[in-house]
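Everything on this sheet refers to the single structure shown next.
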Amino acid sequence: MIDHQTLLLIVLVAILLKLLFDRRNKEKSYLKHPPSPPTLPIIGHLHLLKPLLHQAFRDLSLQYGPLIYLKLGSTQFVVASTPPLAKEFLKTNELTYSSRKVNMAIDMVTYHNATFAFAPYDTYWKFMKKLSTTQLLGNKTIEKFTPIRTKELHEFIQILVRKSKAQESVNLTEALLRLSNNIISQMMLSIKSSGTAKQAEEIKGLIREVTRILGEFNVSDFLVFFRKLDLQGFEKRARDIHRRYDALLESVIFDRKEKRRKSKGEGCDDNDGDEKIKDFLDILLYVSEQKESEIKLTKNHVKSLILDYLTAATDTTAISVEWAIAELFNNPKVLKKAQEEVDKVTKKERLVCEADSPNLPYIHAIIKETMRLHPPIPMIMRKGIEDCVINGNMIPKGSVTCVNIWAMGRDPQIWKNPLKFKPKRFLEGEGSTIEIKGQNFEMLPFGTGRRGCPGMPLAMRELPTIIGALIQCFEWKIFGFKGEILDCGKSKINMDERPGLTVPRANNFIGVPVARLNPIPFLLV
Ligand code: HEM
């Protein structure tokens with residue numbers, strides 16, 4: 001039994017806490033939203049947007065300040081564009097901003113609540129994150145797949161050599177997408193896209209459609225009245241993409257299960273030891289069969305994770321290489337220095353490889369400089385799960401926070417001569433301490449914190465080697481808009497951006513590769 005004195009104490013503490021809570025809430029409700037442009041009824045600020053959202057947000061921030069509040073139809077957005085604000089949202093208040101907003105297309109394509117990349121910060125997400133970092137994208141697994149990445153890179157170089165000999169043009173944009181898609185499809189499903197491999201070709205096409213639809217602007221996501229109308233046919237398209245992807249993955253998983261069943265019947269358990277595990281699908285099926293597992297992985301979870309990885313890995317990696325090669329074409333002195341570095345490391349006796357990475361500091365600086373100006377994902381988008389006060393401003397629960405890393409990369413208050421491509425800035429003075437792993441809030445190409453990109457270690461294995469091999473073996477004759485040849489150093493290629501979930505160059509990189517050394521004797525194909 002509780003005595004009277006204790007009861008009185010409990011009641012008093014409860015009253016005190018309530019008073020305090022009410023006061024804090026009152027204080028919060030007096031707080032204002034961050035500055036905001038004038039709104040229109042119903043559509044809010046939708047009329048102020050442009051297809052390149054990060055550019056539209058940067059322009060508004062220049063007018064209204066580094067923290068702005070926007071209402072896009074019925075959805076509230078907050079845009080933050082300085083490193084201290086990025087830190088405040090993504091580190092100080094990390095738990096409030098560790099979820100993402102799910103729109104209609106994401107919900108439909110990624111198996112509703114089975115997705116990892118868009119999952120709320122909950123037990124399922126934590127389980128998948130652990131699986132991703134310790135097994136699927138852990139160093140040991142990545143290392144095991146080195147021969148696949150090397151073989152793919154060598155095949156890619158071989159194709160370019162043939163084109164170079166025949167003086168034929170290459171669509172480098174397409175070729176890079178195929179390369180990164182082949183690498184991740186093989187790591188995940190042991191399939192690759194080639195003239196005959198129908199499944200892999202279909203997956204490549206579908207992944208493109210997924211990336212496109214996730215990046216497009218769907219009016220129904222923002223205006224409540226239109227939600228049911230599907231004016232732009234988004235729901236129909238998303239349903240169709242989902243149906244085709246699902247049918248394809250069903251058949252891939254069915255074949256794999258059959259294979260696993262047979263190999264078990266023959267007394268050879270594929271998954272007993274690490275060494276025998278083949279690809280991500282094998283690992284996922286193995287985890288889904290574990291009865292003691294903390295989370296029971298369903299087939300939908302497996303299919304959704306494969307989709308998450310394929311979409312997250314393909315475009316981002318290919319786009320990064322293309323932006324780097326385009327910047328090098330426009331900056332021949334930087335290109336020459338980078339070629340010298342690669343030649344020194346390889347002694348011109350072999351093709352550059354992943355193990356060379358620690359000896360390529362200039363190439364790493366080129367990657368940082370490319371990601372400063374062209375982060376493949378231009379904004380880090382998170383959803384606030386509760387009200388939050390940032391710099392004295394009220395940020396309402398449910399609003400979408402966009403940390404505009406693209407704008408920060410071009411801000412003259414942060415970078416000297418921000419529009420100049422100058423990798424050296426990362427090799428000297430304060431710049432030499434800036435990393436891209438999420439601790440430096442002025443450079444967040446892979447995001448930061450718990451929700452930061454789990455694919456960064458894989459991407460950072462691929463990028464120096466692909467860029468290094470391309471500049472080691474080739475220079476480029478590029479065609480301008482009118483079909484004229486642009487000479488490296490004499491004319492610049494266009495660096496406009498195309499809208500989407502990721503930000504690629506607006507125009508495909510098409511040109512004739514000109515060999516600077518014959519890599520054929522070094523190729524493993
Ligand atoms: C140059 C290459 C890449 C770039 C620039 C990049 C960038 C990003 C960024 C900015 C995010 C959001 C981070 C945040 O909210 O803080 C992200 C998330 C993610 N990335 Fe990457 N990424 C790349 C490659 C990859 C690869 C190769 C994979 C997988 C194989 C991958 C898988 C993912 C996944 C699954 C997420 C969602 C994580 C979560 O929500 O918890 N990414 N990436």
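Going through the structure tokens in order, the chains are called A, B, and so on, while each chain numbers its residues from 1 and the ligands are numbered from 1 in the order shown.
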Legend entry - ligand 1 neighbours within 8 Å using only C-alpha atoms and all ligand atoms, as a count of residues only: 53
Legend entry - Shell of 8 Å around segment 54-56 of chain A, only C-alpha atoms, local chain residues under 2 positions omitted, as a ChimeraX atom specification: /A:48-50,52,58-60,378-379,404,406-407
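Comparing A:Val334, A:Ile466, A:Ile213, A:Leu85 by their smallest distance to Ile183 of chain A, the closest is A:Ile466 (using only C-alpha atoms).
Of the listed residues (A:Ser251, A:Ser74, A:Asn507, A:Gln472), A:Gln472 comes nearest to Ile157 of chain A; the distances count only C-alpha atoms.
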Inset, instruction - Just the residues within 10 Å of Ile390 of chain A, please, counting only C-alpha atoms, with nothing from its chain fewer than 3 positions along; format it as a VMD selection string. - result: chain A and resid 33 to 34 67 85 88 to 89 92 to 93 387 393 to 395
Legend entry - Pick from A:Thr298, A:Asn139, A:Asn359, A:Ser399, whichever lies nearest to Phe77 of chain A using only C-alpha atoms: A:Ser399
Inset, instruction - Quick one: everything within 8 Å of Cys488 of chain A, counting only C-alpha atoms, minus sequence neighbours fewer than 2 positions away in the same chain. Send it as a PyMOL selection string. - result: chain A and resi 329-330+332+476-477+486+490-492
Take the residues just selected and output them with N, CA and C atoms as a PDB file, in the first residue's frame.
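The resulting selection29.pdb:
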```
ATOM      1  N   PHE A 329      37.554  16.267 -68.654  1.00  0.00           N
ATOM      2  CA  PHE A 329      37.622  16.711 -70.044  1.00  0.00           C
ATOM      3  C   PHE A 329      37.706  18.241 -70.093  1.00  0.00           C
ATOM      4  N   ASN A 330      36.960  18.878 -69.220  1.00  0.00           N
ATOM      5  CA  ASN A 330      36.942  20.350 -69.211  1.00  0.00           C
ATOM      6  C   ASN A 330      38.148  20.952 -68.488  1.00  0.00           C
ATOM      7  N   PRO A 332      41.882  19.992 -68.515  1.00  0.00           N
ATOM      8  CA  PRO A 332      42.949  19.099 -68.986  1.00  0.00           C
ATOM      9  C   PRO A 332      44.189  19.063 -68.092  1.00  0.00           C
ATOM     10  N   TRP A 476      39.379  11.484 -74.937  1.00  0.00           N
ATOM     11  CA  TRP A 476      38.098  11.435 -75.665  1.00  0.00           C
ATOM     12  C   TRP A 476      37.988  12.517 -76.727  1.00  0.00           C
ATOM     13  N   LYS A 477      37.395  12.089 -77.865  1.00  0.00           N
ATOM     14  CA  LYS A 477      36.946  13.090 -78.853  1.00  0.00           C
ATOM     15  C   LYS A 477      35.440  13.181 -78.651  1.00  0.00           C
ATOM     16  N   LEU A 486      34.639  18.362 -80.149  1.00  0.00           N
ATOM     17  CA  LEU A 486      35.170  19.284 -79.134  1.00  0.00           C
ATOM     18  C   LEU A 486      36.518  18.740 -78.676  1.00  0.00           C
ATOM     19  N   LYS A 490      40.300  22.718 -75.419  1.00  0.00           N
ATOM     20  CA  LYS A 490      39.976  23.874 -76.267  1.00  0.00           C
ATOM     21  C   LYS A 490      38.513  24.268 -76.099  1.00  0.00           C
ATOM     22  N   SER A 491      37.630  23.271 -76.052  1.00  0.00           N
ATOM     23  CA  SER A 491      36.219  23.612 -75.832  1.00  0.00           C
ATOM     24  C   SER A 491      35.682  22.813 -74.661  1.00  0.00           C
ATOM     25  N   LYS A 492      34.650  23.347 -74.022  1.00  0.00           N
ATOM     26  CA  LYS A 492      34.105  22.698 -72.826  1.00  0.00           C
ATOM     27  C   LYS A 492      32.824  21.953 -73.174  1.00  0.00           C
TER      28      LYS A 492
END
```
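Among the candidates A:Pro423, A:Asp343, A:Tyr69, A:Phe156, the one nearest to Thr39 of chain A when counting only C-alpha atoms is A:Tyr69.
Between atom CA of His45 of chain A and atom CA of Leu72 of chain A lies a distance of 5.3 Å.
Using only C-alpha atoms, the smallest distance between any of A:Met188, A:Val102, A:Lys140, A:His374 and Ile283 of chain A comes from A:Met188.
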Inset, instruction - DSSP on the backbone, then: every residue of segment 26-94 of chain A marked strand (DSSP E), written as a PyMOL selection string. - result: chain A and resi 67-72+75-80
Proximity check segment 110-200 of chain A to segment 253-260 of chain A, 12 Å, nearest pairs one decimal Å, only C-alpha atoms, as a tab-separated table:
```
residue	atom	partner	partner_atom	distance
A:Met188	CA	A:Ile253	CA	11.6
A:Leu189	CA	A:Ile253	CA	9.2
A:Ser190	CA	A:Arg256	CA	10.3
A:Ile191	CA	A:Arg256	CA	11.7
```
Legend entry - Residue neighbourhood Pro51 of chain A, 12 Å, only C-alpha atoms, exclusion window fewer than 2 positions, as a list in words: Leu46, His47, Leu48, Leu49, Leu53, His54, Gln55, Ala56, Phe57, Gly215, Glu216, Phe217, Asn218, Glu497, Arg498, Pro499, Gly500, Leu501 and Val503 of chain A
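Take the candidates A:Val342, A:Ile493, A:Ile43, A:Ile142 and check each one against Trp323 of chain A using only C-alpha atoms; the shortest distance goes to A:Ile493.
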Could you name the residues that touch Asp230 of chain A at 10 Å or less, counting only C-alpha atoms, but leaving out those on the same chain fewer than 6 positions away, as a compact mmCIF listing (two decimals) with N, CA and C atoms, in the first residue's frame?
```txt
# COMPACT_ATOMS: atom_id res chain seq x y z
N ASN A 218 4.62 13.87 -58.67
CA ASN A 218 3.24 13.39 -58.79
C ASN A 218 2.32 14.33 -58.02
N VAL A 219 1.47 15.06 -58.76
CA VAL A 219 0.58 16.05 -58.14
C VAL A 219 -0.24 15.41 -57.02
N SER A 220 -0.67 14.16 -57.25
CA SER A 220 -1.55 13.50 -56.26
C SER A 220 -0.86 13.31 -54.91
N ASP A 221 0.48 13.31 -54.89
CA ASP A 221 1.18 13.17 -53.61
C ASP A 221 1.05 14.44 -52.77
N LYS A 236 -1.11 3.91 -62.11
CA LYS A 236 -1.18 2.85 -63.12
C LYS A 236 0.24 2.39 -63.50
```
